[in-house]
Amino acid sequence: MFISSLWDTFFPLKESDYLAHEYDSLLKAIEKEEEQQKEKPVEYFTFNPNKIGLEEWEKLGMPSYLSVRIENFKSKGGIFYKKEDLRKIYGLTDSTYQKLEQYISIPQRKKFQKKYAKKNFYVKDKKDSIQSDSSQIFVKFKKKEIKNFDLNTGNQEDFKQIKGIGEKRAKSIINYRNKLGSFYAFNQLMEIEYFPEVLVDSLRKYCVIDKAQIKRIHINHISYMQLGRHPYLTWKEAKLIVNYREQHGAFLTDEDFKSLKYVNKKTIDRILPYLDFTENPSL
């Protein structure tokens with residue numbers, strides 16, 4: 001005993017040895033249980049796996065560890081919709097399933113019409129009556145009506161009318177609109193991160209763009225620190241624009257602004273709709 005304790009002290013088992021030992025013990029326990037199960041008489045009967053419990057599984061010859069696994073699956077909301085679903089239970093062998101297959105009876109679930117199941121697309125019409133017969137109840141639905149709105153003044157609820165736009169995406173539209181100073185074209189929505197083109201097409205159907213809502217930038221009076229906050233300009237480009245204005249005088253027309261050097265032409269075209277060339281913005 002003394003030598004055994006010294007051996008354990010100086011030569012402890014590694015973690016892998018413990019795991020192997022536990023695995024061997026578990027394997028032996030399962031094999032022993034399966035042997036005991038073979039000795040018990042098996043009673044086959046027609047059953048619905050969603051309705052029976054541990055006792056019935058035992059009568060069908062199911063090993064107790066698998067019976068517990070099945071019941072745990074059901075207790076967490078799991079449902080067997082068809083015979084083959086039982087095969088998905090981890091540890092259930094093909095031979096065991098084949099013995100049970102002919103006795104499994106799962107009533108077919110009623111299928112609702114797809115149009116009634118579409119979320120956020122059909123709503124119940126409270127005025128419509130409910131028609132019923134001896135077997136089914138039918139509730140009439142009507143198509144959800146989407147109210148047209150302005151892309152530059154719409155709120156979260158307006159945007160959430162569109163299928164595919166939830167609260168998070170509606171917020172991202174409004175936040176980007178505020179940074180830009182309103183939209184002048186639907187294609188600008190594609191500049192929002194992860195914004196799919198299909199939603200742009202949907203918004204075209206139900207939205208208008210009031211360009212009078214655009215917040216103009218007084219390009220002849222703004223500082224480069226303020227100008228650089230616009231999403232279409234970098235700080236370097238904002239500095240170049242302001243320096244050019246200070247050296248060459250105010251921008252009077254679009255053509256004056258387009259004559260800028262060292263600023264990308266695409267950038268100039270994108271920012272132009274936001275510019276106000278008034279020399280005295282107070283007038």
# chains A, B, ... in the order shown; residues from 1 in each chain; ligands from 1
$ residues_around --residues "Phe47 in chain A" --least-positions-apart "2" --cutoff "9 Å" --atoms "only C-alpha atoms" --output "PyMOL selection string"
chain A and resi 44-45+49-52+56+103-106
$ residues_around --residues "Leu151 in chain A" --least-positions-apart "5" --cutoff "8 Å" --atoms "only C-alpha atoms" --output "list in words"
Phe183, Cys207, Val208, Ile209 and Asp210 of chain A
$ atom_distance --atom1 "CA of Ser64 in chain A" --atom2 "CA of Asn48 in chain A"
17.9 Å
$ residues_around --residues "range 66-72 of chain A" --least-positions-apart "5" --cutoff "8 Å" --atoms "only C-alpha atoms" --output "compact mmCIF listing (two decimals) with N, CA, C and O atoms, in the first residue's frame"
# COMPACT_ATOMS: atom_id res chain seq x y z
N GLY A 53 -43.41 7.09 -22.87
CA GLY A 53 -42.40 7.47 -21.89
C GLY A 53 -41.35 6.38 -21.69
O GLY A 53 -41.26 5.44 -22.48
N LEU A 54 -40.57 6.52 -20.63
CA LEU A 54 -39.47 5.60 -20.37
C LEU A 54 -39.92 4.15 -20.26
O LEU A 54 -39.25 3.24 -20.76
N TRP A 57 -40.64 2.70 -23.70
CA TRP A 57 -39.39 2.49 -24.44
C TRP A 57 -38.69 1.21 -23.98
O TRP A 57 -38.12 0.46 -24.77
N GLU A 58 -38.74 0.98 -22.66
CA GLU A 58 -38.10 -0.21 -22.11
C GLU A 58 -38.78 -1.48 -22.63
O GLU A 58 -38.11 -2.46 -22.97
N ILE A 89 -31.47 10.34 -33.41
CA ILE A 89 -31.06 10.25 -32.01
C ILE A 89 -29.67 9.63 -31.96
O ILE A 89 -29.43 8.55 -32.46
N GLY A 91 -26.61 7.60 -31.12
CA GLY A 91 -26.39 6.30 -30.48
C GLY A 91 -27.37 5.24 -30.90
O GLY A 91 -27.18 4.05 -30.58
N LEU A 92 -28.47 5.62 -31.59
CA LEU A 92 -29.46 4.64 -32.03
C LEU A 92 -28.94 3.92 -33.28
O LEU A 92 -28.67 4.55 -34.30
$ residues_around --residues "Gly249 in chain A" --least-positions-apart "6" --cutoff "12 Å" --atoms "only C-alpha atoms" --output "list in words"
Ile219, Asn220, His221, Ile241, Val242, Asn243, Asp256, Phe257, Phe277 and Glu279 of chain A
$ write_last_selection --atoms "N, CA, C and O atoms" --output "compact mmCIF listing (two decimals), in the first residue's frame"
# COMPACT_ATOMS: atom_id res chain seq x y z
N ILE A 219 -20.55 75.98 -49.14
CA ILE A 219 -19.17 75.62 -49.47
C ILE A 219 -18.20 76.79 -49.39
O ILE A 219 -17.00 76.60 -49.18
N ASN A 220 -18.71 78.04 -49.51
CA ASN A 220 -17.82 79.21 -49.47
C ASN A 220 -17.59 79.73 -48.06
O ASN A 220 -16.86 80.72 -47.88
N HIS A 221 -18.20 79.08 -47.06
CA HIS A 221 -18.06 79.57 -45.69
C HIS A 221 -17.72 78.47 -44.68
O HIS A 221 -17.32 78.77 -43.56
N ILE A 241 -10.01 71.32 -50.63
CA ILE A 241 -11.11 72.17 -51.13
C ILE A 241 -11.06 73.55 -50.48
O ILE A 241 -11.17 74.59 -51.15
N VAL A 242 -10.90 73.56 -49.15
CA VAL A 242 -10.88 74.84 -48.43
C VAL A 242 -9.64 75.65 -48.81
O VAL A 242 -9.72 76.89 -48.98
N ASN A 243 -8.49 75.02 -48.95
CA ASN A 243 -7.27 75.72 -49.35
C ASN A 243 -7.42 76.32 -50.75
O ASN A 243 -6.99 77.46 -51.01
N ASP A 256 -17.11 75.80 -61.44
CA ASP A 256 -15.98 76.24 -60.63
C ASP A 256 -15.51 75.11 -59.72
O ASP A 256 -14.31 74.87 -59.57
N PHE A 257 -16.47 74.43 -59.11
CA PHE A 257 -16.14 73.35 -58.19
C PHE A 257 -15.53 72.16 -58.93
O PHE A 257 -14.62 71.49 -58.43
N PHE A 277 -23.76 77.43 -53.35
CA PHE A 277 -22.70 78.35 -53.76
C PHE A 277 -23.03 79.80 -53.42
O PHE A 277 -22.35 80.73 -53.91
N GLU A 279 -22.83 83.21 -51.83
CA GLU A 279 -21.68 83.88 -51.17
C GLU A 279 -22.05 84.34 -49.78
O GLU A 279 -21.24 84.32 -48.88
$ closest_residue --among "A:Pro231, A:Pro107, A:Pro273, A:Pro41" --to "Ala212 in chain A" --atoms "only C-alpha atoms"
A:Pro273
$ atom_distance --atom1 "CA of Thr278 in chain A" --atom2 "CA of Met225 in chain A"
19.8 Å
$ atom_distance --atom1 "CA of Tyr194 in chain A" --atom2 "CA of Lys168 in chain A"
11.8 Å
$ residues_around --residues "Gln226 in chain A" --least-positions-apart "4" --cutoff "10 Å" --atoms "only C-alpha atoms" --output "number ranges by chain"
A: 217, 222, 230, 235, 238
$ write_last_selection --atoms "N, CA and C atoms" --output "PDB file, in the first residue's frame"
ATOM      1  N   ILE A 217     -24.707  72.457 -47.952  1.00  0.00           N
ATOM      2  CA  ILE A 217     -23.430  72.861 -47.356  1.00  0.00           C
ATOM      3  C   ILE A 217     -23.011  74.187 -47.995  1.00  0.00           C
ATOM      4  N   ILE A 222     -17.832  77.239 -45.076  1.00  0.00           N
ATOM      5  CA  ILE A 222     -17.616  76.131 -44.149  1.00  0.00           C
ATOM      6  C   ILE A 222     -16.128  75.899 -43.904  1.00  0.00           C
ATOM      7  N   HIS A 230     -18.477  65.014 -43.638  1.00  0.00           N
ATOM      8  CA  HIS A 230     -19.412  64.431 -44.608  1.00  0.00           C
ATOM      9  C   HIS A 230     -18.895  63.076 -45.095  1.00  0.00           C
ATOM     10  N   TRP A 235     -10.670  63.745 -44.859  1.00  0.00           N
ATOM     11  CA  TRP A 235     -10.147  64.978 -44.254  1.00  0.00           C
ATOM     12  C   TRP A 235      -9.176  65.669 -45.214  1.00  0.00           C
ATOM     13  N   ALA A 238     -11.188  67.483 -47.883  1.00  0.00           N
ATOM     14  CA  ALA A 238     -11.815  68.683 -47.306  1.00  0.00           C
ATOM     15  C   ALA A 238     -10.792  69.815 -47.169  1.00  0.00           C
TER      16      ALA A 238
END
$ residues_around --residues "Ile173 in chain A" --least-positions-apart "6" --cutoff "10 Å" --atoms "only C-alpha atoms" --output "ChimeraX atom specification"
/A:151-152,154-156,159,165,189,192-193,195
$ write_last_selection --atoms "C-alpha atoms" --output "mmCIF file, in the first residue's frame"
data_model
loop_
_atom_site.group_PDB
_atom_site.id
_atom_site.type_symbol
_atom_site.label_atom_id
_atom_site.label_comp_id
_atom_site.auth_asym_id
_atom_site.auth_seq_id
_atom_site.Cartn_x
_atom_site.Cartn_y
_atom_site.Cartn_z
ATOM 1 C CA LEU A 151 -37.365 58.590 -47.956
ATOM 2 C CA ASN A 152 -36.061 61.795 -46.361
ATOM 3 C CA GLY A 154 -39.855 58.588 -42.998
ATOM 4 C CA ASN A 155 -39.520 57.248 -39.457
ATOM 5 C CA GLN A 156 -38.666 53.728 -38.234
ATOM 6 C CA PHE A 159 -39.457 51.733 -43.052
ATOM 7 C CA ILE A 165 -36.542 45.882 -42.995
ATOM 8 C CA LEU A 189 -28.969 53.289 -49.979
ATOM 9 C CA ILE A 192 -25.143 51.406 -46.270
ATOM 10 C CA GLU A 193 -23.277 48.334 -45.063
ATOM 11 C CA PHE A 195 -27.893 46.730 -47.675
#
$ closest_residue --among "A:Glu246, A:Arg270, A:Ala170, A:Asp158" --to "Asn187 in chain A" --atoms "only C-alpha atoms"
A:Arg270
